[in-house]
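Written below as C-alpha cells is the structure these notes are about.
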6 protein chains.
Amino acid sequence: MTSIIALYPGTFDPFHNGHLDIARRALALFDQLVIGVYDLPDKHLLFTHEERIALIEQCLHTISPDGRVRVMGYSGLTVNFARSIGARVLVRGLRNSVDFDFELQMAQTNHWLAEDIEYVCLFANAPNHFLSATLIRQISALGGDVSGLVPPVVAQALAQKHGRVPLPPPIPPRKLRKRLEE
Amino acid sequence: MTSIIALYPGTFDPFHNGHLDIARRALALFDQLVIGVYDLPDKHLLFTHEERIALIEQCLHTISPDGRVRVMGYSGLTVNFARSIGARVLVRGLRNSVDFDFELQMAQTNHWLAEDIEYVCLFANAPNHFLSATLIRQISALGGDVSGLVPPVVAQALAQKHGRVPLPPPIPPRKLRKRLEE
Amino acid sequence: MTSIIALYPGTFDPFHNGHLDIARRALALFDQLVIGVYDLPDKHLLFTHEERIALIEQCLHTISPDGRVRVMGYSGLTVNFARSIGARVLVRGLRNSVDFDFELQMAQTNHWLAEDIEYVCLFANAPNHFLSATLIRQISALGGDVSGLVPPVVAQALAQKHGRVPLPPPIPPRKLRKRLEE
Amino acid sequence: MTSIIALYPGTFDPFHNGHLDIARRALALFDQLVIGVYDLPDKHLLFTHEERIALIEQCLHTISPDGRVRVMGYSGLTVNFARSIGARVLVRGLRNSVDFDFELQMAQTNHWLAEDIEYVCLFANAPNHFLSATLIRQISALGGDVSGLVPPVVAQALAQKHGRVPLPPPIPPRKLRKRLEE
Amino acid sequence: MTSIIALYPGTFDPFHNGHLDIARRALALFDQLVIGVYDLPDKHLLFTHEERIALIEQCLHTISPDGRVRVMGYSGLTVNFARSIGARVLVRGLRNSVDFDFELQMAQTNHWLAEDIEYVCLFANAPNHFLSATLIRQISALGGDVSGLVPPVVAQALAQKHGRVPLPPPIPPRKLRKRLEE
Amino acid sequence: MTSIIALYPGTFDPFHNGHLDIARRALALFDQLVIGVYDLPDKHLLFTHEERIALIEQCLHTISPDGRVRVMGYSGLTVNFARSIGARVLVRGLRNSVDFDFELQMAQTNHWLAEDIEYVCLFANAPNHFLSATLIRQISALGGDVSGLVPPVVAQALAQKHGRVPLPPPIPPRKLRKRLEE
C-alpha cells in the first residue's frame with residue numbers, strides 16, 4: 001500500500017493535551033501527519049495564526065522525534081488544503097455528542113466535496129475527555145492553573161497573554177514547515 | 001512504518017451495504033483488514049455464526065480482489081482477538097448519536113483493557129446513514145424489499161430464511177480464512 | 001386539495017394521555033386519522049391486540065365525536081398498511097433525543113421504502129413529556145396510581161390486569177373499524 | 001375540514017435545497033404554505049431581508065406552479081405573524097439531535113405562547129441531511145462549489161456576493177406577497 | 001454533619017421561574033444557599049451586574065423568609081468563589097441533552113480544578129422545562145408576554161428595558177449580601 | 001435544618017467503582033445514605049438480590065466507617081420505598097446523554113408521583129466515566145480482568161460466578177440493615 005499522509009485540521013487556539021493525544025495516536029496509524037492550523041481571521045482568537053503554528057511546532061518533539069509530523073498553516077476549504085499536500089485522510093477527535101453532531105455534518109459535507117478523502121475520528125480518552133480550547137482560554141483568563149492541561153510552552157504563552165509571566169527565548173525557525181512549502 | 005492490520009468487529013446479522021461501505025473505506029486506510037464476526041450464542045440471531053461468516057466471504061470480491069481483506073469468526077473479548085491476529089486498530093462505523101454513546105463507551109473500555117489498540121470511527125455516509133442490521137431483518141421479515149440495502153447474496157439468504165426463495169448453490173470453501181488460521 | 005388520511009401507528013400497550021394528545025392534534029391537521037395498532041406477536045406485551053384496539057376505541061369520543069378518527073389493527077410493514085388504507089401521512093410523537101434518533105431512522109427507512117408517504121412529527125407537550133407506555137406499565141405493575149396519565153378506561157384495564165378491580169361491562173362492537181374493513 | 005395555511009418560518013440566509021425539500025413536502029400536506037422570512041437585524045447575515053425574500057420567490061415555481069405557496073417577510077414573534085396570516089401550523093425541518101433540542105424548546109415555547117398553533121416537524125431526507133445555511137455560506141466564501149446544494153439562483157447570488165460572477169437580470173416584482181399584504 | 005453551603009452560580013440575565021424553582025429546591029437540600037451572579041463583562045447582556053443581583057434579591061422572599069439564601073456577585077473562577085464563601089457544593093439545573101453535554105464538561109473541569117467541591121444537578125421540572133434566559137429576552141424584546149415565565153419584578157424590569165412601562169420604586173439596600181461581605 | 005436521608009437506588013448487578021464513587025460523594029452531601037437494592041425478578045441478573053446486597057455491605061467500610069450508610073433491599077415503586085425510610089432525596093449518577101434521557105424521564109415521573117422527593121444527579125468522574133454494570137458482567141464473562149473496575153469482593157464474586165476461583169469465607173451478618181428494619 002502506498003504511504004498515507006493524514007491531515008489533522010483545527011484552529012488550535014491553543015493546542016492542548018487533548019490535541020497532543022490525538023496527534024500522537026494518529027501518528028501511530030498513518031505514515032505522515034500534518035497538523036493543519038486554520039487561518040481564521042473573522043473570529044476573535046487569543047493567539048495569532050503565527051503564534052498558534054509556532055506553539056505546536058515546539059510540542060512536536062514530544063510526539064515524534066523522527067520528522068513524520070509537520071505543522072502547516074492554511075486557509076480556504078480543508079479538503080482543498082488536504083489535496084494540495086496529498087493527504088487523503090482527515091483526522092478529528094470526538095469528545096461528546098455535541099462534537100458528534102458537528103463532526104457528522106463536517107464528515108458528510110467533506111464527503112460531498114471530496115469523496116476521495118476519508119474522515120477518521122478518534123475518541124478523546126478519559127483524562128482529556130473534557131478538554132476544549134475554549135475552556136482552557138477561560139480558565140487561564142480567570143487565573144486558573146492550566147499547567148496539567150496543556151504542554152509547558154502553551155502554559156507559558158497563556159500566562160504571558162494574560163500578563164503574568166515573561167515569554168521564553170525566541171522560537172526557533174520552523175524548519176519542518178518551510179521544507180514542505182518549498 | 002510497519003504494516004497495519006485493522007479489525008472490523010461486529011455481529012453482522014446480516015452484513016449490509018453500510019458494513020460493506022465501512023469495510024471498503026477501512027481497506028483504503030490500512031494494509032490489511034479482518035472482518036471479525038462475533039460468535040454470540042446468547043442472543044436471538046437470524047443467521048448462525050457460520051452463515052454470517054459465509055455471507056461476508058461471498059461479498060469480499062466486491063471490495064478487494066487482492067486478498068487484503070479476510071473474514072474470521074471469534075469469541076471472547078474483541079481486544080484479545082485483535083491481539084491474537086496482530087491487529088492494532090479496531091474500525092467501527094458511526095451513524096447517529098445513539099451509536100456515538102455506545103461506541104464512546106466501548107472505545108473507553110477497550111482503551112482501558114488494551115491501551116495499545118486504537119479505536120477508529122468512520123461516519124456512515126448519507127445513502128447508508130439509516131441502515132442497521134435490525135432494521136433489515138425487520139423489513140425482510142415483514143416482506144419488504146431489501147435488495148437495495150444489502151449485497152445480492154444477503155438478499156437471497158434473507159429471502160430463504162423467510163421462506164420465499166431457494167438458496168443458490170453451496171458456498172465455496174472459505175479459503176482466505178483458512179489460510180490465515182493455518 | 002384532496003382529502004388527506006393520516007395514519008398514527010404504534011403498539012399502544014397501553015394507549016395513554018400522550019398518545020391521546022398526539023391523536024387529537026393530528027386530527028386538527030388532517031381530514032381523517034387512523035390509529036393503527038400494530039399486531040406484535042414476538043414481544044411481551046401486557047395487552048392483546050384485541051384489547052389494545054378496544055381500549056383506544058373507547059377513548060375516541062373524547063377527541064372526535066364526528067367519526068373522523070378510526071382505530072384499525074394491522075401487521076406487516078407500516079408503509080404497506082398506510083397504502084392499503086390510502087394514507088399518505090404517518091404521524092408520530094417526539095419526546096426526547098432518544099425518540100429522535102429512533103424516529104429519524106424510521107423516517108429515513110420509510111422514505112426509502114415509500115417516497116410518497118410523508119412522516120410528520122409532533123412534539124410531546126410539557127405535561128405529557130415524560131410519558132411512555134413502558135413507564136405506565138411499570139408504575140401500574142408496582143401499584144402506583146396512573147389515573148392522571150391514562151384515559152379512565154385504560155386505568156381500569158390496567159387495574160384489572162394487575163388483579164385489583166373488576167372490569168366494566170362488555171365493550172360495544174367496533175363499528176367504525178368494521179365499516180372501513182368492509 | 002376548513003382549509004389550512006401552514007407557515008414555514010426561518011432566516012433562510014440563504015434558501016438551500018434542504019429548505020426547498022421541506023417546502024415542497026409541506027405543500028403536499030397543507031392547502032397553502034407561506035414561507036416566512038424573518039427580518040433579523042441584529043445578526044450578521046450575508047443577504048439582506050429583501051434579497052432573501054427575492055431569492056426564495058425565484059425558486060417557488062419549482063415546487064408549486066399553482067400559487068399555493070407564497071413568500072412573506074416578517075418581524076416580531078413568529079406565532080403573532082402566524083396568527084396575522086391565519087396560519088395554524090408551523091412547519092420546521094429536523095436534521096440531527098442538536099436541531100431536535102432547539103426545536104423542542106421552540107415548540108414548547110410556542111405552545112405556551114399560542115396553544116392553538118401546531119408545530120409540525122419533517123425530517124430532512126438523506127441527500128439533504130447535512131445541509132445548513134451556515135455551511136453553505138462557509139463553503140461558498142471559501143470558493144467551494146455549492147451548485148449541487150442550492151437552487152441555481154442562489155448559487156448565482158452567492159457567487160456574486162463573493163465577487164465572482166455578475167448577477168442575472170432584475171428580479172420580477174413580488175406579486176404574490178403584495179397580493180397578500182393588501 | 002457540619003452545615004453545608006451550596007452555591008448556585010449563573011449569569012441570570014434575567015432570573016426566571018426555572019431558576020427560582022432550582023433555588024427553592026436546592027434550599028430544601030442544603031443548609032444555606034448562595035445565588036452567585038457572575039460578572040460577565042465581555043458578553044452582551046441585557047441587565048447589568050448590579051441589576052441582575054438586585055432583581056434576584058427582590059425574589060428571595062418567595063423562596064425563603066428565613067435568611068438561608070443570599071445573593072452575591074462574583075468574578076473569576078467559580079470554584080475559587082465557592083471556596084471563598086465556604087461552599088462545597090455547586091448546584092445547577094439540567095433541562096435537555098445540550099445542557100447535559102455542557103454541564104458534564106463543567107463538572108469534569110471543576111472536578112479537575114477543585115476535587116473537594118461537588119457538582120450537583122437538579123432536573124428542570126415539566127412546567128419550566130423549556131425556559132431559558134435567552135428565550136425570555138427574545139420573547140420580551142419581540143413584545144411577547146413573559147409574565148407567566150418570570151417573577152413579577154423581572155417582568156416589570158423587562159418591560160422597562162424594552163421601553164414599555166415605568167420601573168417600580170427604588171430597590172431596597174441589599175442587606176443580605178452586605179452582611180456576608182463584611 | 002433537619003437531618004436528610006438520601007436514597008441511592010439501583011439494581012447494582014454488580015456494584016462497581018462508579019457506584020462506590022457516587023455513594024461516597026452522596027455521603028459528603030447528606031446526613032445518611034441508604035443504598036437501595038432493587039429486587040428485580042423479571043430480569044436476567046447475574047447476582048441474586050441477596051448476593052447484591054451482601055456484596056455492597058462488604059464494600060461500605062471503604063466509604064464510611066461511621067454507620068451513616070446502610071444497604072437495604074426493596075421492591076415496588078422507588079418513591080414509596082423512599083417514603084417508607086424517610087428519605088426525601090434520590091441520588092443518581094449520570095455518565096452520558098443516554099443516561100441523561102433516561103434519568104430525565106425518571107426524574108419527571110418521580111416528580112409526578114411524589115413532588116416532595118428530590119431527584120439529585122452527580123456526574124460520573126473521568127476515571128469511572130465509562131463504567132456500567134452490563135459492561136463489567138460482559139468483560140468478566142469473557143475472561144477479562146475487571147479488578148481495577150470493581151471493589152475486591154466484587155471481583156472475587158464475579159470470578160466465582162464465572163467458575164474461576166473459590167469464594168472467600170461466609171459473609172458476616174448484615175447488621176446495619178437489620179438494625180434499620182427492626
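Letters for chains follow the order of the C-alpha cells (A, B, ...), residue numbers begin at 1 for each chain, and ligand numbers begin at 1 in the order shown.
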* To do: Could you find all residues in segment 106-135 of chain D that DSSP calls strand (DSSP E) from the backbone, and write them as a ChimeraX atom specification?
  => /D:118-123
* Any idea which chain B residues end up within 8 Å of chain D if we count only C-alpha atoms, as a list of chain:residue names please? -> B:Ser97, B:Ala126, B:Pro127, B:His129
Can you list, as a PDB file with C-alpha atoms, in the first residue's frame, every protein, DNA or RNA residue that comes within 9 Å of Ala26 of chain B when you count only C-alpha atoms, leaving out same-chain residues fewer than 4 positions away?
```
ATOM      1  CA  ALA B   6      -7.187  -3.439  11.189  1.00  0.00           C
ATOM      2  CA  TYR B   8     -13.632  -4.542  11.868  1.00  0.00           C
ATOM      3  CA  ASP B  21     -19.038   0.663   2.768  1.00  0.00           C
ATOM      4  CA  ILE B  22     -17.124   0.816   6.069  1.00  0.00           C
ATOM      5  CA  PHE B  30      -4.920   0.151   6.381  1.00  0.00           C
ATOM      6  CA  GLN B  32      -4.928  -5.481   5.834  1.00  0.00           C
ATOM      7  CA  LEU B  33      -8.470  -5.734   7.120  1.00  0.00           C
ATOM      8  CA  VAL B  91     -12.615   0.066  12.997  1.00  0.00           C
ATOM      9  CA  LEU B 122     -15.774   6.242  10.242  1.00  0.00           C
TER      10      LEU B 122
END
```
* To do: To one decimal in Å, tell me the separation between atom CA of Phe100 of chain E and atom CA of Ala133 of chain C.
  => 25.1 Å
* To do: With a distance cut-off of 8 Å and only C-alpha atoms, select the neighbouring residues of segment 68-78 of chain B, excluding the residue or stretch itself and same-chain residues fewer than 2 positions from it, and output the selection as a PyMOL selection string.
  => (chain B and resi 9+27+31-40+49+53+56-57+60+64-66+80-82+176-177) or (chain F and resi 139+142-144)
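Atom pair atom CA of Leu45 of chain F / atom CA of His162 of chain F has a distance of 13.5 Å (rounded to one decimal).
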* Would you list, as a VMD selection string, the residues of chain B that end up in alpha helix (DSSP H) under DSSP run on this structure's backbone? => chain B and resid 17 to 27 49 to 59 78 to 84 97 to 113 133 to 141 152 to 161 175 to 181
